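Novice: Sharing a structure, written as structure tokens. Questions coming.
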Amino acid sequence: MKLSSLAAGSVALPEMARALAAPDHSLEIAPYSLEIAPHHFIKTVAYNQQVPGPLLRMKEGQPVIVDVTNQTGNNEIVHWHGLFLPSEIDGSMEEGTPHIVPGGSERYTFTPQPAGFRWFHTHTMAARDMKKGLYSGQYGFLMIEPRQNPARYDREFFLELHDWEGQFVGNDDGAMDPVYGVSTINGKTLGFGEPLRVKASERVILRILNSSATETHWIALPGHSFHVVALDGNPVPQPKTVPVLRLAPAERVCAIVEMNSPGVWVLGEIRKHIQTAGMGIVVEYAGQKSKPQWQQPQVLEWDYMHFAATEPTPARSADVIEIPIRIEAKFMGHGSPDHWLMNGRSFPQVESPALKLGQRYRLVFQNRSIDDHPLHLHRHAFELRHFTGGPETHGITKDTVLVEGGKEVEVEFTANAPGLTLLHCHQQSHMDMGFMMVFKYA
Ligand SMILES: [Cu+2]
């Protein structure tokens, strides 16, 4: 094809050029056999024959082309979690993003923002199939490098927490919940993968993602503490050092660790049975050879408020429109997973107000169930404003927040991205059972 003849009088040249351009990144969705422990293979679906998928590095504000091919027998869709993208490519069928048919491919062109630690993952339903959706290996890290003020560190590690070989088991109240046989960090059980190799006195940044379909995880590194600098990829107003991390499904933590305790350690899940199921990774100082050490932390404590702004919270604005969202479980009988209700209805019957462009909203999550729910809002970020029993707060920006059983959480966001916008519980089994709501713009 002659580009010169194309150029002559063609207004469509930028589109043509994009169509001809080589992609910046390519993802191939295909069956994959993941060796999580010696000779222990899990048949799953993954991106580019690896778990986690490839780390995609992008630059804030610099357009990219990503090609995605679906080599499975099912419709697939990729959600760009934490990015501000148009509904047509954000990656949820409920928002109108077209799925990718078996054997098909799609080209996505977008401008990555905001800067920070993001991720991408499948957004399909799984229902009872524990090989589908986020029960599979379809997830990867996405790092949008900031234009300015990159963090200072000597070494960077990306870690993800995942649970495998799930099955539905009856819980105490008779409903069915997923339980798992194996748990991993970066797709490997403790001791099987390569250690994180560090040197004494280094400043290491850990970028940790919980990619589990349903489980919240607690992480510690004996002999060290975590200086948390960002939550869900967004810098916190008050970085703080804590002994343990809690990550609900889809949450991310960026933490600086001062490597000042030479030895060989286990970074892992605090709860013994989950670490025994594989969720850990060895941290090895240069020149140190010994059995990896674990010490059991005495307290399991996590409070988002540790990282909130310290100056007084501005008075609550009268212009903010409140949207109460009452969350309830609906028992469907013994042997069935609960269905989930938002204000008395399950998706797609659930109702939601039309958003006005530029308007500030306060989502008031009222959790009337005993389960914890990681609530995720697509295409926007929200600010944590209030937790049951606490004062008003501000300054922490996230895209996912864990609303604990029986508690209330209030978050605010500005409606600044017209288009269908999904709000849902990030537990796959809850989302599949109706725990979703779509906001339209007026
Ligand atoms: Cu939930």
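Ordering of the structure tokens sets the chain letters (A, B, ...); residue numbers start at 1 within each chain; ligands are numbered from 1 in the order shown.
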If DSSP is run on the backbone, what residues of segment 196-442 of chain A are strand (DSSP E)? A reply as a ChimeraX atom specification would be ideal.
Specialist: /A:196-198,203-210,217-220,226-231,234-242,245-247,252-258,264-269,280-285,321-330,339-342,360-367,373-377,382-387,397-398,400-403,408-414,421-425,436-439
Novice: Grab me every residue within 6 Å of ligand 1, counting only C-alpha atoms and all ligand atoms, and send it over as a list in words.
Specialist: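 So the residues close to ligand 1 are His373, Cys425, Gln427 and His430 of chain A.
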Novice: At what distance in Å, to one decimal, does atom CA of Phe157 of chain A lie from atom CA of Val204 of chain A?
Specialist: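 If I compute the distance from atom CA of Val204 of chain A to atom CA of Phe157 of chain A, I get 7.6 Å.
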Novice: Give me, as a list in words, all polymer residues having an atom no more than 7 Å from Val78 of chain A, counting only C-alpha atoms and skipping those fewer than 2 positions away in the same chain.
Specialist: Glu76, Trp80, Gly91, Phe120, His121, Thr122 and His123 of chain A
Novice: Which residues in segment 79-267 of chain A does DSSP call alpha helix (DSSP H)? List them as a ChimeraX atom specification.
Specialist: /A:87-90
Novice: Taking only residues of segment 228-265 of chain A that have an atom at most 7 Å from an atom of segment 304-328 of chain A, what is each one's shortest atom pair and its distance in Å to one decimal, using only C-alpha atoms, in chain and number order, as CSV?
Specialist:
residue,atom,partner,partner_atom,distance
A:Val236,CA,A:Phe307,CA,6.0
A:Pro237,CA,A:Ala309,CA,5.1
A:Gln238,CA,A:Phe307,CA,4.8
A:Pro239,CA,A:Phe307,CA,5.8
A:Lys240,CA,A:Phe307,CA,6.3
Novice: Atom CA of Leu20 of chain A to atom CA of Pro86 of chain A: how many Å, to one decimal?
Specialist: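 Interatomic distance, atom CA of Leu20 of chain A to atom CA of Pro86 of chain A: 22.4 Å.
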